[in-house]
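Shown below: final-v4.cif, with mmCIF, C-alpha atoms and all ligand atoms.
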data_my_file
loop_
_atom_site.label_atom_id
_atom_site.label_comp_id
_atom_site.auth_asym_id
_atom_site.auth_seq_id
_atom_site.Cartn_x
_atom_site.Cartn_y
_atom_site.Cartn_z
CA MET A 278 18.67 58.05 78.97
CA GLU A 279 20.91 61.10 78.78
CA ALA A 280 19.06 62.60 75.80
CA GLU A 281 15.76 61.98 77.59
CA ALA A 282 17.06 63.71 80.71
CA VAL A 283 18.10 66.74 78.67
CA ARG A 284 14.74 66.82 76.94
CA LEU A 285 12.86 66.67 80.23
CA GLU A 286 15.03 69.40 81.69
CA THR A 287 14.47 71.85 78.84
CA GLU A 288 10.87 71.06 77.86
CA PRO A 289 8.74 73.91 79.26
CA PRO A 290 5.92 72.97 81.65
CA TYR A 291 3.60 75.18 79.57
CA ASP A 292 1.36 74.98 76.52
CA VAL A 293 3.59 75.92 73.61
CA SER A 294 2.20 76.52 70.11
CA THR A 295 2.20 78.95 67.21
CA LEU A 296 -0.73 81.07 66.03
CA ASP A 297 -0.87 79.57 62.56
CA GLY A 298 0.30 76.03 63.32
CA ASP A 299 3.57 76.60 61.41
CA PRO A 300 6.22 74.90 63.60
CA SER A 301 8.65 77.80 63.03
CA GLY A 302 5.89 80.47 62.94
CA LEU A 303 5.98 83.96 64.40
CA PRO A 304 5.44 84.29 67.33
CA LEU A 305 5.85 81.21 69.52
CA VAL A 306 3.01 81.33 72.05
CA VAL A 307 3.56 80.17 75.64
CA ARG A 308 0.49 79.74 77.86
CA PRO A 309 0.16 78.41 81.40
CA ALA A 310 -0.75 74.73 81.55
CA GLY A 311 -2.21 75.23 85.03
CA GLU A 312 -1.79 78.08 87.44
CA PRO A 313 -0.79 81.37 85.71
CA SER A 314 1.93 82.14 88.26
CA LEU A 315 4.34 84.85 87.11
CA ASN A 316 6.87 83.84 89.76
CA ARG A 317 7.04 80.31 88.50
CA LEU A 318 7.30 81.43 84.87
CA CYS A 319 10.17 83.82 85.69
CA GLY A 320 11.95 81.11 87.64
CA TRP A 321 11.61 78.70 84.73
CA LEU A 322 12.82 81.26 82.18
CA GLU A 323 15.86 82.16 84.30
CA ALA A 324 16.77 78.51 84.72
CA ASN A 325 16.31 77.75 81.00
CA ALA A 326 18.00 80.69 79.30
CA ALA A 327 19.30 78.45 76.48
CA TRP A 328 15.76 77.33 75.58
CA VAL A 329 14.58 80.94 75.56
CA GLN A 330 17.47 82.19 73.41
CA ALA A 331 17.12 79.36 70.90
CA HIS A 332 13.37 79.81 70.53
CA ILE A 333 13.47 83.60 70.26
CA ALA A 334 16.14 83.28 67.55
CA ARG A 335 14.16 80.63 65.65
CA HIS A 336 10.68 82.16 65.82
CA GLY A 337 11.69 85.81 66.10
CA ALA A 338 9.41 86.39 69.09
CA ILE A 339 7.76 84.65 72.03
CA LEU A 340 4.32 85.71 73.22
CA PHE A 341 3.50 84.95 76.87
CA ARG A 342 -0.29 84.88 77.17
CA GLY A 343 -2.47 84.16 80.18
CA PHE A 344 0.10 84.75 82.92
CA ALA A 345 -0.48 87.03 85.91
CA VAL A 346 1.06 90.21 84.48
CA ASP A 347 -0.93 93.02 86.05
CA SER A 348 1.37 96.05 86.07
CA ALA A 349 4.43 97.69 84.57
CA GLU A 350 6.44 96.19 87.46
CA ASP A 351 5.23 92.67 86.61
CA PHE A 352 6.14 93.30 82.99
CA GLU A 353 9.64 94.47 83.94
CA ARG A 354 10.06 91.37 86.11
CA LEU A 355 9.21 89.06 83.18
CA ALA A 356 11.45 90.98 80.78
CA ARG A 357 14.34 90.75 83.25
CA ALA A 358 13.84 86.99 83.55
CA ILE A 359 14.74 86.87 79.84
CA ASP A 360 17.34 89.63 79.69
CA ASP A 361 18.38 91.45 82.86
CA ASP A 362 20.40 94.09 81.00
CA LEU A 363 17.53 96.54 80.37
CA LYS A 364 18.38 99.95 78.94
CA ASN A 365 16.60 103.27 79.21
CA GLU A 366 18.32 105.60 76.78
CA TYR A 367 15.90 106.10 73.91
CA LEU A 368 17.07 107.79 70.72
CA GLY A 369 13.95 107.01 68.71
CA THR A 370 11.23 109.31 67.51
CA SER A 371 8.09 108.37 69.47
CA PRO A 372 6.99 110.46 72.42
CA ARG A 373 7.00 108.13 75.46
CA ASP A 374 6.12 108.32 79.17
CA ALA A 375 8.11 106.51 81.87
CA LEU A 376 6.11 103.92 83.87
CA THR A 377 9.12 102.57 85.80
CA LYS A 378 12.79 103.47 85.42
CA TYR A 379 13.00 101.01 82.50
CA VAL A 380 9.41 100.61 81.29
CA PHE A 381 7.79 103.23 79.06
CA SER A 382 4.49 103.73 77.29
CA ALA A 383 5.13 102.37 73.79
CA SER A 384 4.15 105.53 71.95
CA GLU A 385 2.16 108.59 72.78
CA LEU A 386 1.66 109.32 69.08
CA PRO A 387 -2.05 110.03 68.44
CA PRO A 388 -4.11 106.81 67.97
CA VAL A 389 -5.00 107.65 64.39
CA TYR A 390 -1.33 107.45 63.31
CA PRO A 391 -0.12 104.14 61.98
CA ILE A 392 3.45 103.27 62.94
CA PRO A 393 5.15 101.49 60.03
CA GLN A 394 7.27 98.41 60.61
CA HIS A 395 10.79 98.93 61.97
CA CYS A 396 13.35 97.19 64.13
CA GLU A 397 13.76 99.31 67.25
CA MET A 398 16.40 102.04 66.80
CA SER A 399 17.88 100.29 63.77
CA PHE A 400 19.65 103.56 62.93
CA VAL A 401 21.85 103.71 66.05
CA LYS A 402 25.28 102.10 66.21
CA ASP A 403 24.23 99.27 68.45
CA PRO A 404 20.46 98.66 68.29
CA PRO A 405 18.74 96.77 71.13
CA ARG A 406 18.93 92.98 70.86
CA ARG A 407 15.62 92.40 72.63
CA LEU A 408 12.43 94.37 72.67
CA PHE A 409 9.51 93.66 75.00
CA PHE A 410 5.92 94.85 74.83
CA SER A 411 3.14 94.28 77.31
CA CYS A 412 -0.59 94.94 77.15
CA LEU A 413 -1.68 96.80 80.29
CA LEU A 414 -4.99 97.94 78.80
CA GLU A 415 -6.56 96.05 75.92
CA PRO A 416 -7.68 98.17 72.94
CA GLN A 417 -11.10 97.74 71.35
CA PRO A 418 -11.22 94.95 68.73
CA GLY A 419 -10.26 95.91 65.18
CA GLY A 420 -7.34 98.23 65.94
CA GLY A 421 -4.30 98.98 68.07
CA GLU A 422 -2.47 95.76 67.30
CA THR A 423 1.34 95.67 67.29
CA PRO A 424 1.94 93.69 64.09
CA LEU A 425 5.20 91.81 63.72
CA VAL A 426 7.17 91.04 60.57
CA ASP A 427 10.10 88.68 60.14
CA TYR A 428 12.62 90.91 58.37
CA ARG A 429 14.67 87.85 57.37
CA LYS A 430 11.76 86.92 55.09
CA VAL A 431 11.50 90.49 53.79
CA TRP A 432 15.17 90.42 52.76
CA ARG A 433 14.71 86.99 51.17
CA ASP A 434 11.53 87.87 49.26
CA MET A 435 12.44 91.30 47.93
CA ASP A 436 13.02 91.76 44.22
CA PRO A 437 16.83 91.40 43.99
CA VAL A 438 17.05 94.38 41.61
CA VAL A 439 15.26 96.72 44.04
CA ARG A 440 17.23 95.33 46.96
CA GLN A 441 20.52 95.94 45.13
CA ARG A 442 19.54 99.56 44.46
CA PHE A 443 19.24 100.03 48.25
CA VAL A 444 22.58 98.28 48.86
CA ASP A 445 24.36 100.32 46.17
CA GLY A 446 22.76 103.63 47.20
CA GLY A 447 22.92 103.24 50.98
CA ILE A 448 20.56 105.11 53.28
CA ARG A 449 20.78 108.68 54.53
CA ILE A 450 18.29 109.76 57.17
CA VAL A 451 17.33 113.32 58.01
CA ARG A 452 15.24 114.26 61.03
CA ASN A 453 14.24 117.77 62.06
CA TYR A 454 13.46 118.41 65.71
CA ALA A 455 11.94 121.56 67.09
CA GLY A 456 13.66 123.31 70.00
CA PRO A 457 12.49 123.77 73.60
CA ALA A 458 10.01 126.45 72.44
CA GLY A 459 8.16 123.91 70.27
CA GLY A 460 7.57 123.90 66.53
CA SER A 461 4.99 123.72 63.77
CA LYS A 462 1.76 121.91 64.56
CA LEU A 463 1.17 121.19 60.89
CA ASP A 464 3.54 118.24 60.57
CA LEU A 465 1.79 114.93 59.97
CA TRP A 466 4.66 113.01 61.57
CA LYS A 467 5.70 115.55 64.16
CA LEU A 468 8.72 114.47 66.19
CA LYS A 469 9.53 115.12 69.80
CA ARG A 470 11.52 118.26 70.61
CA TRP A 471 15.28 117.72 70.74
CA ASP A 472 15.43 118.57 74.44
CA GLU A 473 12.82 115.81 75.05
CA MET A 474 14.78 113.34 72.98
CA PHE A 475 18.15 114.02 74.62
CA LEU A 476 16.74 114.95 78.05
CA THR A 477 18.86 118.10 78.19
CA THR A 478 18.85 121.69 76.88
CA ASP A 479 22.67 121.73 76.81
CA LYS A 480 23.64 121.90 73.15
CA ASP A 481 27.18 120.66 73.78
CA ALA A 482 25.77 117.56 75.49
CA VAL A 483 23.37 117.02 72.57
CA GLU A 484 26.23 117.27 70.07
CA ALA A 485 28.31 114.81 72.09
CA LYS A 486 25.42 112.30 72.17
CA CYS A 487 24.91 112.69 68.42
CA ARG A 488 28.60 112.16 67.66
CA ALA A 489 28.68 109.05 69.84
CA GLN A 490 26.08 107.55 67.45
CA GLY A 491 27.73 108.86 64.27
CA PHE A 492 24.87 111.38 63.82
CA GLU A 493 25.68 114.80 62.37
CA PRO A 494 23.93 117.54 64.40
CA ILE A 495 23.05 120.75 62.56
CA TRP A 496 21.42 123.65 64.42
CA THR A 497 18.75 125.29 62.32
CA GLU A 498 16.70 128.49 62.59
CA ASN A 499 14.30 128.91 65.54
CA ASP A 500 16.53 126.74 67.71
CA GLY A 501 15.74 123.59 65.74
CA LEU A 502 18.04 120.60 65.40
CA ARG A 503 18.57 118.64 62.21
CA ILE A 504 20.14 115.23 62.59
CA VAL A 505 21.68 113.61 59.55
CA SER A 506 22.86 110.03 59.68
CA THR A 507 23.50 107.02 57.53
CA GLN A 508 22.58 103.47 58.40
CA PRO A 509 23.05 99.97 57.00
CA VAL A 510 20.49 98.48 54.60
CA PHE A 511 20.86 95.04 56.15
CA ARG A 512 22.51 93.35 59.09
CA ASP A 513 23.55 89.75 59.54
CA HIS A 514 21.99 88.08 62.56
CA PRO A 515 24.68 87.85 65.28
CA LEU A 516 23.65 84.32 66.30
CA THR A 517 22.42 82.65 63.13
CA GLY A 518 24.25 84.67 60.43
CA GLU A 519 21.00 85.10 58.48
CA ARG A 520 20.77 88.29 56.43
CA VAL A 521 18.07 90.66 57.66
CA TRP A 522 16.44 93.74 56.10
CA HIS A 523 17.33 96.05 58.99
CA ASN A 524 16.64 99.70 58.37
CA HIS A 525 14.14 102.46 59.06
CA THR A 526 13.21 103.44 55.49
CA ALA A 527 9.58 102.27 55.87
CA THR A 528 9.18 104.65 58.82
CA PHE A 529 11.26 107.61 57.70
CA HIS A 530 10.49 107.88 53.98
CA LEU A 531 8.04 110.66 53.09
CA SER A 532 5.79 108.17 51.31
CA ALA A 533 5.22 106.27 54.57
CA ALA A 534 1.90 107.85 55.64
CA PRO A 535 -0.07 107.38 52.39
CA GLY A 536 1.64 104.02 51.80
CA GLU A 537 0.54 102.73 55.19
CA TYR A 538 -2.99 104.18 55.08
CA GLN A 539 -3.49 102.62 51.65
CA ARG A 540 -2.82 99.16 53.11
CA ILE A 541 -4.71 99.87 56.31
CA HIS A 542 -7.71 100.86 54.20
CA ALA A 543 -7.37 97.60 52.23
CA LEU A 544 -7.28 95.66 55.55
CA ARG A 545 -10.08 97.70 57.15
CA PRO A 546 -12.08 99.44 54.40
CA THR A 547 -13.92 102.09 56.40
CA LEU A 548 -14.90 105.58 55.35
CA LYS A 549 -12.59 106.97 58.03
CA ASN A 550 -9.59 105.05 56.67
CA PHE A 551 -10.44 106.21 53.15
CA ALA A 552 -10.56 109.82 54.36
CA LEU A 553 -7.24 109.40 56.21
CA LEU A 554 -5.63 108.00 53.07
CA GLN A 555 -6.78 110.98 50.99
CA PHE A 556 -5.63 113.38 53.72
CA ALA A 557 -2.19 111.73 53.96
CA ARG A 558 -1.77 111.89 50.18
CA ALA A 559 -2.67 115.58 50.15
CA MET A 560 -0.38 116.39 53.09
CA VAL A 561 2.61 114.60 51.58
CA ALA A 562 2.03 116.28 48.21
CA LEU A 563 1.99 119.62 50.03
CA GLN A 564 5.14 118.80 52.04
CA ARG A 565 6.95 117.78 48.86
CA ALA A 566 5.86 120.93 47.04
CA THR A 567 6.84 123.31 49.82
CA ARG A 568 10.01 121.84 51.39
CA GLY A 569 13.22 120.26 50.26
CA SER A 570 14.38 116.81 51.36
CA ASP A 571 16.43 118.11 54.28
CA GLU A 572 13.62 120.30 55.64
CA GLN A 573 11.12 117.45 56.08
CA SER A 574 10.33 116.26 59.61
CA MET A 575 11.71 112.86 58.68
CA HIS A 576 12.87 111.58 55.36
CA CYS A 577 15.46 109.29 53.86
CA THR A 578 17.29 109.20 50.56
CA TYR A 579 20.25 107.35 49.15
CA VAL A 580 23.52 108.43 50.77
CA ASP A 581 24.34 110.88 47.95
CA GLY A 582 21.00 112.65 48.50
CA THR A 583 19.28 111.13 45.44
CA GLU A 584 15.62 110.31 46.11
CA ILE A 585 14.67 106.66 46.61
CA PRO A 586 11.93 105.97 44.02
CA ASP A 587 8.43 105.77 45.55
CA ALA A 588 7.93 102.55 43.57
CA ASP A 589 10.83 100.94 45.46
CA MET A 590 9.32 101.99 48.79
CA GLU A 591 5.99 100.55 47.62
CA HIS A 592 7.78 97.29 46.93
CA VAL A 593 9.25 97.29 50.45
CA ARG A 594 5.75 97.83 51.88
CA ASP A 595 4.24 95.13 49.65
CA VAL A 596 6.74 92.50 50.81
CA THR A 597 6.48 93.69 54.42
CA TRP A 598 2.68 93.55 54.49
CA ARG A 599 2.72 90.10 52.88
CA HIS A 600 4.49 88.88 56.02
CA LEU A 601 2.56 91.02 58.51
CA VAL A 602 1.37 89.07 61.58
CA VAL A 603 -1.60 90.90 63.11
CA ASN A 604 -2.55 89.46 66.48
CA PRO A 605 -5.04 91.28 68.75
CA TRP A 606 -3.70 92.17 72.19
CA ARG A 607 -5.08 90.44 75.26
CA LEU A 608 -4.71 91.97 78.70
CA GLY A 609 -1.49 90.77 80.38
CA ASP A 610 0.19 89.68 77.13
CA VAL A 611 3.97 90.06 77.02
CA VAL A 612 5.87 89.63 73.79
CA ALA A 613 9.65 89.22 73.72
CA ILE A 614 11.03 90.14 70.30
CA ASP A 615 14.38 89.38 68.68
CA ASN A 616 15.10 92.94 67.51
CA HIS A 617 17.88 91.59 65.27
CA SER A 618 15.36 89.87 63.01
CA VAL A 619 11.78 90.95 63.69
CA ALA A 620 10.16 94.34 63.12
CA HIS A 621 7.11 95.77 64.83
CA GLY A 622 4.62 98.56 64.12
CA ARG A 623 1.24 99.78 65.30
CA LEU A 624 -2.18 99.87 63.65
CA PRO A 625 -4.46 102.85 64.34
CA TYR A 626 -7.09 102.52 67.03
CA VAL A 627 -9.82 104.36 68.89
CA GLY A 628 -10.50 104.48 72.61
CA PRO A 629 -8.19 103.63 75.49
CA ARG A 630 -5.12 101.42 75.04
CA ARG A 631 -1.98 101.01 77.11
CA ILE A 632 0.97 99.11 75.71
CA ALA A 633 4.26 99.28 77.59
CA VAL A 634 7.74 98.76 76.18
CA CYS A 635 11.22 98.01 77.46
CA TRP A 636 14.39 96.82 75.76
CA ALA A 637 17.80 95.30 76.34
FE FE A 701 9.29 100.89 67.88
#
How does this structure look as C-alpha cells?
Amino acid sequence: MEAEAVRLETEPPYDVSTLDGDPSGLPLVVRPAGEPSLNRLCGWLEANAAWVQAHIARHGAILFRGFAVDSAEDFERLARAIDDDLKNEYLGTSPRDALTKYVFSASELPPVYPIPQHCEMSFVKDPPRRLFFSCLLEPQPGGGETPLVDYRKVWRDMDPVVRQRFVDGGIRIVRNYAGPAGGSKLDLWKLKRWDEMFLTTDKDAVEAKCRAQGFEPIWTENDGLRIVSTQPVFRDHPLTGERVWHNHTATFHLSAAPGEYQRIHALRPTLKNFALLQFARAMVALQRATRGSDEQSMHCTYVDGTEIPDADMEHVRDVTWRHLVVNPWRLGDVVAIDNHSVAHGRLPYVGPRRIAVCWA
C-alpha cells in the first residue's frame, strides 16, 4: 500500500513520453492530459521537485509541450516552478536582448549563423545547472531548431586516444572583444563589445569581473579587450557522478564554422548551404593566413598554445552530430535542460523566430 501511495503521489497527471520511444531518451516530453493550464502545471512541478530533478538528471532535458505559455512572463513562471534561483549575469558570447529581468532572447546572432553545441557558459567557474528555452514565435519548418546532445554519450563514444590528447593538453580559450567604439565588421563570428558583455565601460570593473572567473584580461590596441582563460575538458555530474564532455571547443575553435556548415549541408543539402560552406572555408583560411591564434575573434588551443589538430575537432563534431536530437519548435514549448550533461546549439533559419532563454 505504501509503495502504491508513493507512486500515485509522484506520477504526473500528464502524458509523459520520449520522442523516439527510448525510455531514457532525450528529451522527456510532458504534455497536458486535459486542460493545458500553466497554473496547474507549475503547482504540480513545485510540489514534486524530486520527480523533476530525477527526470531531468536521467533524460538530460524535459520538454513541456502544449501548455498555455504565451509570453516571456509565462515562461519565467514555468522556469521558476522548476528552479526559483534564476540568474541574469551572462558572460557568454551571444548578443541578447532582455525580455524580463531574467528572460532574454536566446541569441541575436544573424539567422544564417549556426551555433555549435555547447553547455551554457561551460568556461566560467560555476556554469549554470539549469538552462531553459521557450518558443515565443515558431520558426518556419526546416530550420531554427535548438538541437540537444547528451554530452555524457559524447564523452563515452569518443576515440579514447583523441580524448586523452584533450585531457593531456588542456584547453586555452582566447576571445577578442572590440571596445565601445565597435570593431571590424569582417569577422565571421563577431562577438559583442566588451562594454556590452560586462555592462560597464569601467575598465577596473571589467578586470575585477574577469579575475573573479579566473579570466586574464589584456587590453589591446583600439580599446579592444582580449580574454584568455583555461577550462576543464570534462566535468563529473554533481548528482550522478557520470563523466561529461563539458567544454566550449566546438564553439570556439576556428574550424567551427566550416565544420558545422559541412554537416548542416549534409542534413539539408541546399545550394545556399553549399555556398555558405564554401564561404566559411574561405573565410577561415583567410583568418588563419592573416592572424595569429591570439588575434582571432575566438579560438582555442591546448594550454601551452599548441594548436588542437583539425582532425581531432572533426572527431568531436562527428561524435556530437551522431547524438544530435533535432526537434522542431512548436509555439509555447518550454525545454528545461540539465546544463551539467546536455549541450544545445542552433541550426540556421530564415524568417521570424523568437526563442527565449533563462538559466539558474
Ligand atoms: Fe547557449
Query raised in the report: When you draw a straight line from CA of Arg512 (chain A) to CA of Ile585 (chain A), how long is it in Å?
Result: 19.9 Å
Please build the interface table for chain A against ligand FE 701 (chain A) with a cut-off of 9 Å, listing for each qualifying residue the nearest atom pair and the distance in Å to one decimal; count only C-alpha atoms and all ligand atoms, order rows by chain and increasing number, and write it as CSV.
residue,atom,partner,partner_atom,distance
A:Gly369,CA,A:FE701,FE,7.7
A:Thr370,CA,A:FE701,FE,8.6
A:Ser371,CA,A:FE701,FE,7.7
A:Ala383,CA,A:FE701,FE,7.4
A:Ser384,CA,A:FE701,FE,8.0
A:Ile392,CA,A:FE701,FE,8.0
A:Pro393,CA,A:FE701,FE,8.9
A:Gln394,CA,A:FE701,FE,7.9
A:His395,CA,A:FE701,FE,6.4
A:Cys396,CA,A:FE701,FE,6.7
A:Glu397,CA,A:FE701,FE,4.8
A:Met398,CA,A:FE701,FE,7.3
A:Leu408,CA,A:FE701,FE,8.7
A:Ala620,CA,A:FE701,FE,8.1
A:His621,CA,A:FE701,FE,6.3
A:Gly622,CA,A:FE701,FE,6.4
A:Arg623,CA,A:FE701,FE,8.5
A:Val634,CA,A:FE701,FE,8.7
Requested in this report: Write out as a PyMOL selection string the residues lying within 7 Å of region 515-527 of chain A, counting all atoms listed in the file and excluding same-chain residues fewer than 5 positions away.
Outcome: chain A and resi 393-396+399-400+428-429+431-432+509-510+533+577+618
Within 12 Å of Lys480 (chain A), counting only C-alpha atoms, which residues qualify if same-chain residues fewer than 4 places away don't, as a CSV table (one decimal) with C-alpha atoms, keeping the file's coordinate frame?
chain,number,residue,atom,x,y,z
A,456,GLY,CA,13.7,123.3,70.0
A,457,PRO,CA,12.5,123.8,73.6
A,471,TRP,CA,15.3,117.7,70.7
A,472,ASP,CA,15.4,118.6,74.4
A,475,PHE,CA,18.2,114.0,74.6
A,476,LEU,CA,16.7,115.0,78.0
A,484,GLU,CA,26.2,117.3,70.1
A,485,ALA,CA,28.3,114.8,72.1
A,486,LYS,CA,25.4,112.3,72.2
A,487,CYS,CA,24.9,112.7,68.4
A,494,PRO,CA,23.9,117.5,64.4
A,495,ILE,CA,23.0,120.8,62.6
A,496,TRP,CA,21.4,123.6,64.4
A,500,ASP,CA,16.5,126.7,67.7
A,501,GLY,CA,15.7,123.6,65.7
A,502,LEU,CA,18.0,120.6,65.4
Report task. Determine, counting all atoms listed in the file, which protein, DNA and RNA residues have an atom within 6 Å of an atom of Ala345 (chain A); residues of the same chain fewer than 3 positions away are not included. Present the result as number ranges by chain. Result -> A: 313-315
As AutoDock Vina command-line options: centre and edge lengths in Å, one decimal, of the axis-aligned box holding region 552-561 of chain A with 4 Å per side:
--center_x -4.0 --center_y 112.2 --center_z 53.2 --size_x 21.2 --size_y 16.4 --size_z 14.1
Report summary line: From CA of Tyr379 (chain A) to CA of Lys402 (chain A) the spacing works out at 20.4 Å
Requested in this report: Write out as a PyMOL selection string each polymer residue whose atoms come within 9 Å of Glu385 (chain A), counting all atoms listed in the file; drop sequence neighbours fewer than 4 positions from it.
Outcome: chain A and resi 371-374
Query raised in the report: Restricting the calculation to only C-alpha atoms, which member of A:Gln508, A:Trp598, A:Asp581, A:Ala334 is positioned closest to Leu544 (chain A)?
Result: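 Under the stated criterion, the closest residue is A:Trp598.
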